[in-house]
Each structure stands twice: as C-alpha cells, then as structure tokens.
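start_0.cif, holding mmCIF, C-alpha atoms:
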data_data
#
loop_
_atom_site.group_PDB
_atom_site.id
_atom_site.type_symbol
_atom_site.label_atom_id
_atom_site.label_comp_id
_atom_site.auth_asym_id
_atom_site.auth_seq_id
_atom_site.Cartn_x
_atom_site.Cartn_y
_atom_site.Cartn_z
ATOM 1 C CA MET A 30 -11.780 -14.962 18.458
ATOM 2 C CA THR A 31 -8.123 -14.626 19.357
ATOM 3 C CA ASP A 32 -6.753 -12.021 21.714
ATOM 4 C CA TYR A 33 -3.195 -11.966 20.425
ATOM 5 C CA ALA A 34 -0.719 -13.622 18.076
ATOM 6 C CA ILE A 35 3.030 -14.167 17.922
ATOM 7 C CA ILE A 36 4.419 -13.184 14.519
ATOM 8 C CA LYS A 37 7.838 -13.398 12.922
ATOM 9 C CA THR A 38 9.475 -10.694 10.811
ATOM 10 C CA GLY A 39 13.048 -9.556 10.288
ATOM 11 C CA GLY A 40 14.441 -12.486 12.282
ATOM 12 C CA LYS A 41 12.544 -11.381 15.397
ATOM 13 C CA GLN A 42 9.293 -12.389 17.059
ATOM 14 C CA TYR A 43 6.594 -9.982 18.246
ATOM 15 C CA ARG A 44 3.460 -10.414 20.361
ATOM 16 C CA VAL A 45 0.718 -8.380 18.665
ATOM 17 C CA GLU A 46 -2.928 -7.497 19.180
ATOM 18 C CA LYS A 47 -5.358 -5.795 16.796
ATOM 19 C CA GLY A 48 -4.604 -2.071 16.590
ATOM 20 C CA ASP A 49 -0.993 -2.359 17.812
ATOM 21 C CA ILE A 50 1.678 -0.203 16.180
ATOM 22 C CA LEU A 51 5.076 -1.873 15.708
ATOM 23 C CA ARG A 52 8.487 -0.690 14.594
ATOM 24 C CA VAL A 53 10.049 -3.580 12.643
ATOM 25 C CA GLU A 54 13.023 -3.997 10.333
ATOM 26 C CA LYS A 55 12.404 -2.330 6.973
ATOM 27 C CA LEU A 56 9.907 -4.081 4.726
ATOM 28 C CA PRO A 57 10.265 -3.804 0.930
ATOM 29 C CA ASN A 58 6.745 -2.372 0.493
ATOM 30 C CA LYS A 59 5.610 1.258 0.225
ATOM 31 C CA LYS A 60 3.696 3.428 2.667
ATOM 32 C CA GLY A 61 0.019 2.443 2.719
ATOM 33 C CA ASP A 62 0.613 -1.105 1.441
ATOM 34 C CA LYS A 63 -0.915 -4.121 3.186
ATOM 35 C CA VAL A 64 1.403 -6.905 4.379
ATOM 36 C CA ASP A 65 0.820 -10.344 5.924
ATOM 37 C CA PHE A 66 3.057 -11.879 8.567
ATOM 38 C CA PRO A 67 3.571 -15.593 9.318
ATOM 39 C CA VAL A 68 1.979 -16.652 12.619
ATOM 40 C CA LEU A 69 3.909 -18.791 15.107
ATOM 41 C CA MET A 70 1.174 -18.883 17.760
ATOM 42 C CA MET A 71 -2.407 -17.698 18.249
ATOM 43 C CA GLY A 72 -3.449 -16.950 21.820
ATOM 44 C CA GLY A 73 -6.755 -16.536 23.598
ATOM 45 C CA ALA A 74 -9.330 -18.901 25.074
ATOM 46 C CA LYS A 75 -8.155 -21.727 22.778
ATOM 47 C CA PRO A 76 -4.458 -21.220 21.884
ATOM 48 C CA ALA A 77 -2.992 -22.683 18.696
ATOM 49 C CA ILE A 78 0.737 -23.371 18.509
ATOM 50 C CA GLY A 79 2.378 -23.822 15.124
ATOM 51 C CA ASN A 80 4.948 -26.361 14.068
ATOM 52 C CA PRO A 81 6.641 -24.000 13.057
ATOM 53 C CA LEU A 82 3.674 -21.977 11.669
ATOM 54 C CA VAL A 83 -0.047 -22.113 12.433
ATOM 55 C CA ALA A 84 -1.761 -23.488 9.331
ATOM 56 C CA GLY A 85 -4.213 -21.081 7.704
ATOM 57 C CA ALA A 86 -3.503 -18.222 10.120
ATOM 58 C CA LYS A 87 -2.247 -14.798 9.131
ATOM 59 C CA VAL A 88 -1.828 -11.373 10.641
ATOM 60 C CA SER A 89 -2.533 -8.440 8.344
ATOM 61 C CA ALA A 90 -0.938 -5.031 8.789
ATOM 62 C CA GLU A 91 -0.684 -1.688 7.028
ATOM 63 C CA ILE A 92 2.607 0.153 6.577
ATOM 64 C CA MET A 93 2.256 3.600 8.126
ATOM 65 C CA GLU A 94 5.765 4.937 7.644
ATOM 66 C CA GLN A 95 9.266 4.048 6.396
ATOM 67 C CA GLY A 96 12.285 5.657 8.009
ATOM 68 C CA HIS A 97 15.419 5.537 10.144
ATOM 69 C CA LEU A 98 16.105 5.141 13.836
ATOM 70 C CA PRO A 99 18.397 7.649 15.551
ATOM 71 C CA THR A 100 22.121 6.996 15.146
ATOM 72 C CA ILE A 101 23.527 4.103 17.158
ATOM 73 C CA ARG A 102 27.166 4.769 18.058
ATOM 74 C CA ILE A 103 29.690 1.946 17.826
ATOM 75 C CA PHE A 104 32.908 2.650 19.720
ATOM 76 C CA LYS A 105 35.794 0.173 19.957
ATOM 77 C CA LYS A 106 38.881 0.637 22.093
ATOM 78 C CA LYS A 107 41.865 -1.440 23.184
ATOM 79 C CA ARG A 108 43.599 0.012 26.178
ATOM 80 C CA ARG A 109 47.287 0.833 25.988
ATOM 81 C CA HIS A 110 47.419 0.216 22.227
ATOM 82 C CA ASN A 111 46.255 3.616 20.923
ATOM 83 C CA TYR A 112 43.406 1.793 19.148
ATOM 84 C CA ARG A 113 40.094 3.649 18.899
ATOM 85 C CA ARG A 114 37.396 3.285 16.271
ATOM 86 C CA ASN A 115 34.204 5.322 16.196
ATOM 87 C CA ASN A 116 31.383 4.372 13.867
ATOM 88 C CA GLY A 117 27.626 4.826 13.628
ATOM 89 C CA VAL A 118 24.631 3.254 11.949
ATOM 90 C CA ARG A 119 21.043 4.386 11.357
ATOM 91 C CA PRO A 120 18.911 1.228 10.987
ATOM 92 C CA LEU A 121 16.075 1.292 8.447
ATOM 93 C CA VAL A 122 12.666 0.595 10.010
ATOM 94 C CA SER A 123 9.015 0.336 9.028
ATOM 95 C CA LEU A 124 6.152 1.451 11.248
ATOM 96 C CA VAL A 125 3.192 -0.909 10.858
ATOM 97 C CA ARG A 126 -0.330 -1.025 12.331
ATOM 98 C CA ILE A 127 -1.903 -4.435 12.904
ATOM 99 C CA THR A 128 -5.306 -4.433 11.198
ATOM 100 C CA ASN A 129 -6.508 -8.031 11.466
ATOM 101 C CA ILE A 130 -5.654 -11.284 13.239
ATOM 102 C CA GLY A 131 -7.231 -14.375 11.764
#

Encoded form using structure tokens:
Amino acid sequence: MTDYAIIKTGGKQYRVEKGDILRVEKLPNKKGDKVDFPVLMMGGAKPAIGNPLVAGAKVSAEIMEQGHLPTIRIFKKKRRHNYRRNNGVRPLVSLVRITNIG
C-alpha cells in the first residue's frame, strides 16, 4: 500500500494521493474519461524510485472538467522609450481526480 506518488504531466511534477483533485495542463481527453499518468516515485513504508519511471506503476485519474484559468496579464515596458505592450493569456486546464495509485 502506497501513501502517495509523484507523477509527471504537462512538463510538471505533482505529488498526489488517492482522492486528490488537481488542475493540470489541458489533456486531450473528454470530460469523464479515464487517464493514466507515468509514475516517477511511489512513497510510503517502502518507497520506490524510478529510473526515470517506476516499472509497472501507474496512477489512474478521471477528468472532471476542461476549462480556462482567469486571464494572466503580460505587461512589458522600457522606460524612457515610449515602449509599452499589454497582452493576456487564458491557459487551458483540466481538472482531474486521482482514483487509484498502484
């Protein structure tokens, strides 16, 4: 029985436990689909560290929602040069619930 796992998705690493809800970079699946994440480390009484992945381990999750984050403002300025640029981006994200670690 493992208490937690370190997974990798979207170029980032997350420490997850069963029942956790994560906001990760958008996954190509639809709402309600099941997804599996590669496991870098399994923690607990007997930890297992991958090289780079733990063989035979996977973390299963269910996609709860697909959406956007609020707007992130990008403002650039160079003083004394009358240079100002204002831009914004709304990153696409997926909300997932961890269902199984094994």

Between A:Pro57, A:Thr100, A:Ile130, A:Asn115, which residue has the minimum interatomic distance to Gly85 (chain A), considering all atoms listed in the file?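 Nearest to Gly85 (chain A): A:Ile130.
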
Quote the spacing between CA of His97 (chain A) and CA of Met70 (chain A) in Å to one decimal place.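 Between CA of His97 (chain A) and CA of Met70 (chain A) the gap works out to 29.3 Å.
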
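The shell of residues at most 8 Å from Met71 (chain A), with all atoms listed in the file counted and near chain neighbours (fewer than 6 positions) removed, consists of Thr31, Asp32, Tyr33, Ala34, Ile35, Ala77, Ile78 and Val83 of chain A.
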
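Of the residues listed (A:Ala74, A:Ala90, A:Val64, A:Val53), A:Val53 shows the shortest atom-to-atom separation from Ser123 (chain A); distances use all atoms listed in the file.
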
Find the axis-aligned box for region 96-111 of chain A, covering all its listed atoms and adding 4 Å on each side, and write its centre and edge lengths in Å to one decimal as lines of an AutoDock Vina configuration file.
center_x = 29.9
center_y = 3.1
center_z = 17.1
size_x = 43.1
size_y = 17.1
size_z = 26.2

What does the PyMOL selection byres ((chain A and resi 102) around 12) select in this file, as a VMD selection string? chain A and resid 98 to 101 103 to 105 114 to 120

Could you work out how far CA of Leu51 (chain A) lies from CA of Ser89 (chain A), giving the answer in Å with one decimal? 12.5 Å

Specify as a ChimeraX atom specification each residue included when the PyMOL selection byres ((chain A and resi 93) around 12) is applied to this file. /A:49-53,55-56,58-64,90-92,94-96,122-128

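CA of Leu121 (chain A) lies 24.1 Å from CA of Lys47 (chain A).
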
So that I can see what lies close to Leu69 (chain A), please list as JSON, numbers by chain the residues with an atom at most 10 Å from it, counting only C-alpha atoms and leaving out residues fewer than 5 positions away in the same chain. {"A": [34, 35, 36, 37, 42, 43, 44, 77, 78, 79, 80, 81, 82, 83, 84, 86, 87]}

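Closest approach to Val88 (chain A) from the set A:Pro67, A:Gly73, A:Gly39, A:Gly48 is made by A:Pro67, with distances taken over all atoms listed in the file.
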
Selected residue, from A:Gly40, A:Gly72, A:Lys106, A:Tyr112, that lies nearest to Glu54 (chain A) when counting only C-alpha atoms: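 Checking each candidate against Glu54 (chain A), we get A:Gly40 as the closest.
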